[in-house]
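J.: Provided below: coords-v2.tsv, containing TSV, C-alpha atoms.
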```
chain	number	residue	atom	x	y	z
A	1	MET	CA	17.10	23.96	5.79
A	2	LEU	CA	16.38	21.76	8.79
A	3	SER	CA	19.23	19.64	10.16
A	4	ARG	CA	18.51	16.04	11.11
A	5	SER	CA	18.84	16.87	14.78
A	6	ALA	CA	16.44	19.83	14.41
A	7	ALA	CA	14.02	17.51	12.58
A	8	GLY	CA	14.38	15.04	15.44
A	9	ARG	CA	13.50	17.74	17.98
A	10	LEU	CA	10.54	18.84	15.84
A	11	GLY	CA	9.32	15.23	15.79
A	12	GLU	CA	9.51	15.13	19.57
A	13	ARG	CA	7.35	18.27	19.86
A	14	LEU	CA	4.84	16.80	17.42
A	15	ARG	CA	4.74	13.57	19.39
A	16	GLN	CA	3.97	15.57	22.52
A	17	GLY	CA	1.04	17.30	20.83
A	18	THR	CA	2.36	20.74	19.95
A	19	LYS	CA	-0.25	23.16	18.61
A	20	ASP	CA	2.30	25.83	17.75
A	21	PRO	CA	1.74	26.94	14.12
A	22	SER	CA	5.48	27.55	13.70
A	23	ASP	CA	6.10	23.83	14.35
A	24	PHE	CA	3.71	22.93	11.52
A	25	ALA	CA	5.35	25.49	9.25
A	26	GLU	CA	8.65	23.81	10.10
A	27	LEU	CA	7.13	20.43	9.26
A	28	VAL	CA	6.18	21.72	5.81
A	29	VAL	CA	9.75	22.95	5.34
A	30	TYR	CA	11.02	19.51	6.35
A	31	CYS	CA	8.60	17.74	3.97
A	32	GLN	CA	9.68	20.02	1.12
A	33	GLN	CA	13.30	19.31	1.95
A	34	VAL	CA	12.66	15.56	1.64
A	35	LYS	CA	10.70	16.20	-1.56
A	36	LEU	CA	13.55	18.17	-3.12
A	37	ALA	CA	16.15	15.58	-2.19
A	38	THR	CA	14.11	12.73	-3.66
A	39	ALA	CA	12.55	14.50	-6.66
A	40	GLN	CA	14.48	12.35	-9.12
A	41	VAL	CA	12.82	9.12	-7.97
A	42	LEU	CA	9.30	9.50	-9.35
A	43	PRO	CA	10.41	10.02	-12.99
A	44	ILE	CA	12.54	6.88	-12.66
A	45	VAL	CA	9.56	4.91	-11.35
A	46	ARG	CA	7.34	6.21	-14.15
A	47	SER	CA	9.97	5.32	-16.75
A	48	ALA	CA	10.18	1.77	-15.37
A	49	THR	CA	6.51	0.86	-15.62
A	50	VAL	CA	3.43	1.43	-17.71
A	51	ALA	CA	1.34	1.01	-14.57
A	52	THR	CA	-0.10	4.04	-12.80
A	53	ALA	CA	2.25	5.66	-10.28
A	54	VAL	CA	0.69	8.29	-8.05
A	55	ASP	CA	3.00	10.41	-5.90
A	56	ARG	CA	2.04	11.48	-2.42
A	57	SER	CA	3.98	14.68	-1.84
A	58	GLY	CA	4.14	14.83	1.89
A	59	LYS	CA	2.41	12.51	4.28
A	60	SER	CA	-0.51	14.20	6.02
A	61	PHE	CA	0.40	15.88	9.34
A	62	LEU	CA	-2.17	13.71	11.05
A	63	SER	CA	-0.53	10.51	9.78
A	64	ILE	CA	2.96	11.75	10.70
A	65	VAL	CA	1.91	12.58	14.26
A	66	GLU	CA	0.08	9.24	14.61
A	67	LYS	CA	3.14	7.36	13.39
A	68	LEU	CA	5.44	9.21	15.78
A	69	ARG	CA	3.12	8.29	18.65
A	70	ARG	CA	2.56	4.69	17.54
A	71	GLN	CA	6.18	3.81	16.95
A	72	SER	CA	9.22	4.84	18.92
A	73	ILE	CA	10.94	6.46	15.94
A	74	ARG	CA	12.29	9.93	15.24
A	75	LEU	CA	10.92	12.15	12.48
A	76	PRO	CA	13.99	11.68	10.22
A	77	GLN	CA	13.52	7.91	10.49
A	78	ILE	CA	10.04	7.96	8.93
A	79	GLN	CA	10.67	6.57	5.47
A	80	ASP	CA	7.34	7.37	3.85
A	81	ILE	CA	7.20	11.16	4.29
A	82	GLU	CA	7.55	11.13	0.49
A	83	GLY	CA	6.51	8.25	-1.66
A	84	CYS	CA	4.43	6.83	-4.42
A	85	ARG	CA	2.16	3.87	-5.02
A	86	VAL	CA	2.15	1.62	-8.06
A	87	ILE	CA	-0.56	-0.99	-8.70
A	88	VAL	CA	0.41	-3.85	-11.00
A	89	ASP	CA	-1.66	-6.74	-12.34
A	90	SER	CA	0.23	-9.69	-10.89
A	91	ARG	CA	3.00	-10.97	-8.64
A	92	SER	CA	5.16	-11.65	-11.71
A	93	GLU	CA	4.87	-7.97	-12.67
A	94	GLN	CA	5.55	-6.97	-9.08
A	95	ASP	CA	8.75	-9.04	-9.09
A	96	ALA	CA	9.86	-7.65	-12.46
A	97	LEU	CA	9.24	-4.01	-11.47
A	98	SER	CA	10.94	-4.52	-8.13
A	99	LEU	CA	14.07	-5.85	-9.86
A	100	ARG	CA	14.04	-3.06	-12.45
A	101	LEU	CA	13.83	-0.39	-9.75
A	102	GLN	CA	16.55	-2.00	-7.67
A	103	ALA	CA	18.84	-1.75	-10.69
A	104	LEU	CA	17.88	1.86	-11.44
A	105	LEU	CA	17.85	3.42	-7.98
A	106	ALA	CA	20.61	4.41	-5.58
A	107	ASP	CA	21.05	2.41	-2.40
A	108	PRO	CA	17.63	0.73	-2.52
A	109	GLN	CA	16.38	-0.98	0.60
A	110	VAL	CA	13.88	-3.71	-0.26
A	111	ASP	CA	11.09	-4.42	2.18
A	112	ASP	CA	9.35	-7.51	0.81
A	113	ARG	CA	6.22	-7.90	2.91
A	114	ARG	CA	4.79	-10.81	0.94
A	115	ALA	CA	6.51	-13.59	2.85
A	116	ASN	CA	6.62	-11.49	6.05
A	117	PRO	CA	3.45	-9.42	6.05
A	118	THR	CA	2.79	-6.64	8.56
A	119	HIS	CA	-0.55	-7.48	10.24
A	120	GLY	CA	-1.60	-9.14	6.97
A	121	TYR	CA	-0.45	-6.24	4.77
A	122	ARG	CA	1.44	-7.55	1.76
A	123	ALA	CA	3.35	-5.51	-0.81
A	124	VAL	CA	6.89	-4.82	-1.90
A	125	HIS	CA	8.33	-1.52	-0.73
A	126	ILE	CA	11.49	-0.22	-2.36
A	127	VAL	CA	13.11	2.57	-0.36
A	128	PRO	CA	16.02	4.34	-2.06
A	129	ARG	CA	18.08	6.80	-0.02
A	130	ILE	CA	19.14	10.00	-1.73
A	131	GLY	CA	21.10	12.76	-0.02
A	132	GLY	CA	20.28	11.14	3.29
A	133	GLU	CA	16.52	11.22	2.64
A	134	ARG	CA	14.27	8.27	1.90
A	135	TYR	CA	11.43	7.79	-0.56
A	136	GLU	CA	9.03	4.86	-0.27
A	137	ILE	CA	7.80	3.17	-3.43
A	138	GLN	CA	4.88	0.87	-2.66
A	139	ILE	CA	4.36	-1.79	-5.29
A	140	ARG	CA	1.10	-3.65	-4.79
A	141	THR	CA	-0.68	-6.20	-6.93
A	142	LYS	CA	-4.34	-5.50	-7.61
A	143	LEU	CA	-5.42	-8.08	-5.03
A	144	GLN	CA	-2.97	-6.84	-2.39
A	145	HIS	CA	-4.31	-3.35	-3.04
A	146	VAL	CA	-7.93	-4.46	-2.71
A	147	TRP	CA	-7.02	-6.08	0.61
A	148	ALA	CA	-5.23	-2.95	1.86
A	149	GLN	CA	-8.20	-0.80	0.88
A	150	LEU	CA	-10.59	-3.18	2.58
A	151	VAL	CA	-8.61	-2.90	5.81
A	152	GLU	CA	-8.53	0.89	5.44
A	153	LEU	CA	-12.29	0.89	5.04
A	154	TRP	CA	-12.98	-1.30	8.07
A	155	ALA	CA	-10.38	0.54	10.12
A	156	GLU	CA	-12.34	3.74	9.62
A	157	LYS	CA	-15.78	2.20	9.98
A	158	VAL	CA	-15.09	-0.10	12.93
A	159	ASP	CA	-11.72	0.32	14.63
A	160	ARG	CA	-8.50	1.97	13.47
A	161	ASP	CA	-6.48	-0.68	15.34
A	162	LEU	CA	-7.46	-3.19	12.64
A	163	LYS	CA	-4.60	-1.69	10.61
A	164	TYR	CA	-2.13	-2.55	13.33
A	165	GLY	CA	-3.17	-6.05	14.29
A	166	GLY	CA	-5.86	-5.09	16.81
A	167	GLY	CA	-9.58	-4.41	16.61
A	168	PRO	CA	-12.46	-6.92	16.84
A	169	GLU	CA	-10.95	-10.39	16.89
A	170	SER	CA	-13.24	-12.11	14.38
A	171	LEU	CA	-12.91	-9.36	11.78
A	172	ALA	CA	-9.14	-9.14	12.29
A	173	LYS	CA	-8.91	-12.91	11.84
A	174	SER	CA	-11.03	-12.87	8.68
A	175	LEU	CA	-8.84	-10.16	7.19
A	176	PHE	CA	-5.73	-12.11	8.11
A	177	VAL	CA	-7.10	-15.31	6.54
A	178	LEU	CA	-8.05	-13.39	3.41
A	179	SER	CA	-4.50	-12.07	3.14
A	180	GLU	CA	-3.17	-15.62	3.43
A	181	HIS	CA	-5.54	-16.86	0.72
A	182	ILE	CA	-4.53	-14.02	-1.58
A	183	ASN	CA	-0.88	-14.88	-0.99
A	184	GLN	CA	-1.46	-18.55	-1.80
A	185	LEU	CA	-3.40	-17.65	-4.91
A	186	GLU	CA	-0.75	-15.26	-6.15
A	187	SER	CA	2.06	-17.70	-5.37
A	188	CYS	CA	0.30	-20.36	-7.42
A	189	GLU	CA	-0.20	-17.95	-10.29
A	190	VAL	CA	3.51	-17.15	-10.25
A	191	ILE	CA	4.38	-20.85	-10.33
A	192	LEU	CA	2.04	-21.39	-13.27
A	193	PHE	CA	3.49	-18.38	-15.06
A	194	ASN	CA	7.05	-19.55	-14.42
A	195	ALA	CA	6.26	-23.12	-15.39
A	196	TYR	CA	4.88	-21.95	-18.72
A	197	THR	CA	7.73	-19.52	-19.39
A	198	GLY	CA	10.53	-21.82	-18.17
A	199	GLN	CA	11.67	-19.58	-15.32
A	200	ASP	CA	12.96	-20.45	-11.86
A	201	ILE	CA	10.49	-21.02	-9.05
A	202	ASP	CA	11.02	-19.17	-5.80
A	203	ASP	CA	11.26	-21.11	-2.50
A	204	ALA	CA	8.40	-19.19	-0.85
A	205	ASP	CA	6.09	-19.62	-3.85
A	206	PHE	CA	6.87	-23.31	-3.99
A	207	THR	CA	6.14	-23.74	-0.28
A	208	ALA	CA	2.82	-21.92	-0.57
A	209	LEU	CA	1.77	-24.06	-3.54
A	210	HIS	CA	2.98	-27.29	-1.99
A	211	ASP	CA	1.19	-26.57	1.31
A	212	SER	CA	-2.00	-26.04	-0.66
A	213	LEU	CA	-1.70	-29.26	-2.65
A	214	VAL	CA	-0.23	-31.54	0.00
A	215	PRO	CA	-0.82	-30.02	3.45
A	216	GLY	CA	1.62	-31.20	6.10
A	217	ASP	CA	4.02	-32.90	3.68
A	218	ASP	CA	7.33	-31.07	3.43
A	219	SER	CA	9.30	-34.02	2.06
A	220	GLU	CA	9.30	-32.89	-1.55
A	221	THR	CA	11.91	-30.55	-2.91
A	222	ILE	CA	11.70	-27.91	-5.59
A	223	ALA	CA	13.89	-30.07	-7.82
A	224	SER	CA	11.50	-33.02	-7.63
A	225	TRP	CA	8.58	-30.70	-8.27
A	226	PHE	CA	10.29	-29.30	-11.32
A	227	GLU	CA	10.38	-32.82	-12.70
A	228	ARG	CA	6.74	-33.38	-11.79
A	229	LEU	CA	5.76	-30.20	-13.61
A	230	GLU	CA	6.64	-32.15	-16.75
A	231	GLU	CA	4.17	-34.89	-15.83
A	232	PRO	CA	0.85	-34.84	-17.60
A	233	GLY	CA	-1.91	-33.51	-15.39
A	234	ILE	CA	0.19	-31.51	-12.94
A	235	VAL	CA	-0.24	-28.09	-14.53
A	236	PRO	CA	-4.02	-28.55	-14.90
A	237	ARG	CA	-4.07	-29.61	-11.25
A	238	ILE	CA	-2.32	-26.39	-10.26
A	239	SER	CA	-4.71	-24.47	-12.53
A	240	SER	CA	-7.73	-25.93	-10.79
A	241	LEU	CA	-6.12	-25.14	-7.44
A	242	VAL	CA	-5.79	-21.53	-8.59
A	243	LEU	CA	-9.50	-21.47	-9.40
A	244	LYS	CA	-10.33	-22.97	-6.01
A	245	LEU	CA	-8.17	-20.37	-4.28
A	246	LYS	CA	-9.92	-17.63	-6.26
A	247	ASP	CA	-13.23	-18.95	-4.96
A	248	ASP	CA	-11.82	-18.99	-1.42
A	249	VAL	CA	-10.71	-15.39	-1.78
A	250	LEU	CA	-14.07	-14.25	-3.13
A	251	ARG	CA	-15.96	-16.16	-0.42
A	252	GLN	CA	-13.75	-14.58	2.23
A	253	PHE	CA	-14.46	-11.13	0.83
A	254	ASP	CA	-18.19	-11.88	1.05
A	255	GLU	CA	-17.87	-13.07	4.65
A	256	ILE	CA	-16.06	-9.89	5.66
A	257	ASP	CA	-18.65	-7.81	3.84
A	258	ARG	CA	-21.47	-9.59	5.72
A	259	ALA	CA	-19.64	-9.27	9.06
A	260	GLY	CA	-19.48	-5.52	8.64
A	261	ARG	CA	-23.13	-4.97	7.86
B	262	MET	CA	-1.37	17.75	-11.94
B	263	ILE	CA	-1.09	18.32	-8.22
B	264	PHE	CA	-4.20	17.88	-6.08
B	265	VAL	CA	-4.72	19.19	-2.55
B	266	ILE	CA	-7.30	17.03	-0.79
B	267	SER	CA	-8.89	17.09	2.64
B	268	TYR	CA	-10.27	13.82	4.02
B	269	ASP	CA	-12.28	13.46	7.21
B	270	ARG	CA	-11.93	9.97	8.65
B	271	ARG	CA	-14.97	10.21	10.90
B	272	SER	CA	-17.47	11.16	8.21
B	273	GLY	CA	-15.59	9.54	5.31
B	274	ARG	CA	-16.00	12.74	3.32
B	275	ALA	CA	-13.35	14.04	0.96
B	276	GLU	CA	-12.99	17.53	-0.36
B	277	TRP	CA	-10.78	18.30	-3.35
B	278	LEU	CA	-9.55	21.75	-2.40
B	279	ALA	CA	-7.37	22.75	-5.35
B	280	GLU	CA	-5.46	21.67	-8.43
B	281	TYR	CA	-2.06	23.01	-9.40
B	282	PRO	CA	0.16	22.38	-12.40
B	283	ASP	CA	3.21	20.18	-11.72
B	284	SER	CA	5.46	23.25	-11.69
B	285	GLU	CA	3.65	24.74	-8.68
B	286	MET	CA	4.40	22.24	-5.94
B	287	GLY	CA	5.48	25.11	-3.63
B	288	CYS	CA	2.03	26.75	-3.96
B	289	ALA	CA	0.32	23.41	-3.30
B	290	GLN	CA	2.39	22.87	-0.14
B	291	GLN	CA	1.66	26.43	1.03
B	292	HIS	CA	-2.04	25.78	0.48
B	293	ARG	CA	-1.75	22.58	2.46
B	294	LEU	CA	-0.07	24.40	5.35
B	295	GLU	CA	-2.84	27.02	5.44
B	296	VAL	CA	-5.53	24.36	5.55
B	297	GLU	CA	-3.66	22.39	8.25
B	298	LEU	CA	-3.35	25.54	10.37
B	299	GLU	CA	-7.04	26.38	9.93
B	300	ALA	CA	-7.94	22.86	11.03
B	301	LEU	CA	-5.58	23.12	13.98
B	302	ALA	CA	-7.20	26.40	15.08
B	303	ALA	CA	-10.64	24.79	14.78
B	304	ASN	CA	-9.46	21.77	16.77
B	305	GLU	CA	-10.19	19.46	13.82
B	306	SER	CA	-7.90	16.79	12.45
B	307	PRO	CA	-8.57	15.97	8.83
B	308	GLU	CA	-5.97	14.28	6.64
B	309	ILE	CA	-4.63	16.89	4.22
B	310	VAL	CA	-2.74	15.27	1.37
B	311	VAL	CA	-0.97	16.54	-1.72
B	312	LEU	CA	-1.08	14.02	-4.54
B	313	SER	CA	0.63	14.25	-7.89
B	314	ALA	CA	-0.77	12.27	-10.83
B	315	GLU	CA	-1.49	12.63	-14.50
B	316	SER	CA	-5.24	12.61	-13.85
B	317	LYS	CA	-7.92	12.14	-11.22
B	318	ALA	CA	-8.63	8.74	-12.75
B	319	GLN	CA	-5.13	7.63	-11.76
B	320	VAL	CA	-5.70	8.78	-8.19
B	321	LEU	CA	-8.91	6.73	-8.15
B	322	LYS	CA	-6.88	3.60	-8.95
B	323	THR	CA	-4.29	4.09	-6.22
B	324	HIS	CA	-5.97	6.20	-3.51
B	325	ALA	CA	-9.75	5.71	-3.92
B	326	LYS	CA	-10.29	6.72	-0.29
B	327	TYR	CA	-9.58	10.34	-1.16
B	328	PHE	CA	-12.73	10.38	-3.26
B	329	GLY	CA	-14.74	9.64	-0.13
B	330	ARG	CA	-15.65	6.45	1.67
B	331	GLN	CA	-18.60	5.67	-0.56
B	332	THR	CA	-16.35	5.79	-3.64
B	333	LEU	CA	-13.88	3.51	-1.89
B	334	GLU	CA	-16.67	1.03	-1.17
B	335	ASP	CA	-17.91	1.23	-4.76
B	336	SER	CA	-14.38	0.78	-6.06
B	337	LEU	CA	-13.91	-2.33	-3.89
B	338	LYS	CA	-17.21	-3.79	-5.07
B	339	ALA	CA	-16.24	-3.14	-8.70
B	340	SER	CA	-12.88	-4.89	-8.17
B	341	LEU	CA	-14.62	-7.93	-6.70
B	342	GLN	CA	-17.21	-8.00	-9.45
B	343	GLN	CA	-14.38	-7.92	-11.98
B	344	ALA	CA	-12.69	-10.81	-10.15
B	345	ARG	CA	-15.97	-12.79	-10.24
B	346	GLU	CA	-16.40	-12.20	-13.95
B	347	THR	CA	-12.80	-13.25	-14.61
B	348	ARG	CA	-13.44	-16.40	-12.55
B	349	GLN	CA	-16.40	-17.30	-14.74
```
Represent the structure from my file as structure tokens, please.

T.:
Amino acid sequence: MLSRSAAGRLGERLRQGTKDPSDFAELVVYCQQVKLATAQVLPIVRSATVATAVDRSGKSFLSIVEKLRRQSIRLPQIQDIEGCRVIVDSRSEQDALSLRLQALLADPQVDDRRANPTHGYRAVHIVPRIGGERYEIQIRTKLQHVWAQLVELWAEKVDRDLKYGGGPESLAKSLFVLSEHINQLESCEVILFNAYTGQDIDDADFTALHDSLVPGDDSETIASWFERLEEPGIVPRISSLVLKLKDDVLRQFDEIDRAGR
Amino acid sequence: MIFVISYDRRSGRAEWLAEYPDSEMGCAQQHRLEVELEALAANESPEIVVLSAESKAQVLKTHAKYFGRQTLEDSLKASLQQARETRQ
């Protein structure tokens, strides 16, 4: 059993580039310790969704060392040593699963990176804390996942810094714009879904939709929009906006594909 | 099932090293340590991951990269093709 302070010291040695096999053996012990403490989480995630949930039992040593070097954090502060990834069809499903998991898990920290993306990366991360250890559940929509994979691909082919906001400027910008388009598209889809099912509309979704329909005009409120959703022609207008955004997203994918050839 | 996978970022090649039943996580982690130490001795730095899923097909959905870069590219193209077909 490795104490938190011993894990902190191990992290420091890893950061400094230790090649001592006993340090790596200790890292495996630490990863197993986190795994044991958080073993109850994955069955809960799998019981909460029909979507695929794949568990990563121990972040690769390479990724741990890179993270320690990239960020000024200690080993026990890394929250994704253990974790899983769930891919859902839509933002509505992402919201529903996120709420279900928050109700089922102990002390869940919610990291919603849709409104506040990290270098364009969007997803919802739920991080419960069990016995002092954390487990990161990544919930991505299909489109958010495609974007994340695209960045992973270009990061390896062109420049790893693309994952962290760096890399060739034009490619980084295209990826960022694509992420924005995907967000707009998904926000609009949520609004359509909620309009049809009579559910509340979130502030951020409303803003994204409104900015797409009436750029630069922030005078309307959600309440007035709710009324307008009753007007004939509004829902079809949003629907056609969704189609336009889909085209934008696909075109952006093509541009990035061409840029990388 | 538990899968032990080695992925080389430079070449984009993935190697599926072993499969273990869910009850043998300890063996999988021991295997991972051995491979990590071998790589360390050889001055190589692959990503060694241990993934747990009901099938390889599930891993393909969530972590396509660990099937190799070409599979990741193919998977992305398939997703976009699907999006185009849905659009039409």

J.: Can you list every residue of segment 121-169 of chain A that has an atom at most 10 Å from segment 273-286 of chain B, with its nearest atom pair and the distance in Å to one decimal, using all atoms listed in the file, ordered by chain then number, as a tab-separated table?

T.:
```
residue	atom	partner	partner_atom	distance
A:Leu153	CA	B:Gly273	CA	9.3
A:Glu156	CA	B:Gly273	CA	7.9
A:Lys157	CA	B:Gly273	CA	8.7
```

J.: Go through A:Asp23, A:Asp89, A:Asp55, A:Asp254 one by one, measure the shortest atom-to-atom distance of each to Thr141 of chain A using all atoms listed in the file, and give the residue with the smallest value.

T.: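 Of A:Asp23, A:Asp89, A:Asp55, A:Asp254, the one nearest Thr141 of chain A is A:Asp89, counting all atoms listed in the file.
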
J.: Once you count all atoms listed in the file, which residues of chain B turn out to be within 8 Å of chain A? Could you give them as a PyMOL selection string?

T.: chain B and resi 270-271+273+290+294+297-298+301+306-314+319-320+322-323+326+330+333-334+337+340-341+344-345+348

J.: Name all residues at most 7 Å from His125 of chain A (count all atoms listed in the file; drop same-chain ones fewer than 6 positions away) and give them as number ranges by chain.

T.: A: 110-112, 136-139

J.: Please report the interatomic distance between atom CA of Ile78 of chain A and atom CA of Arg100 of chain A in Å with one decimal.

T.: 24.4 Å

J.: So what do you get for atom CA of Thr18 of chain A versus atom CA of Arg4 of chain A, distance-wise?

T.: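 Answer for the atom CA of Thr18 of chain A to atom CA of Arg4 of chain A separation: 19.0 Å.
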
J.: Compare A:Ser5, A:Gln79, A:Gln144, A:Gln33 by their minimum atom-to-atom distance to Gly287 of chain B, counting all atoms listed in the file, and give me the closest one.

T.: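 Of A:Ser5, A:Gln79, A:Gln144, A:Gln33, the one nearest Gly287 of chain B is A:Gln33, counting all atoms listed in the file.
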
J.: Quick one: pull the distance between atom CA of Gly131 of chain A and atom CA of Gly17 of chain A, Å, one decimal.

T.: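 Pair atom CA of Gly131 of chain A / atom CA of Gly17 of chain A returns 29.3 Å.
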
J.: For His119 of chain A, which residue among A:Phe176, A:Trp154, A:Tyr135, A:Tyr30 is the nearest when counting all atoms listed in the file?

T.: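 Smallest distance to His119 of chain A is found for A:Phe176.
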
J.: For Asn194 of chain A, which residue among A:Val34, A:Arg91, A:Ile64, A:Val158 is the nearest when counting all atoms listed in the file?

T.: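 The closest residue to Asn194 of chain A is A:Arg91.
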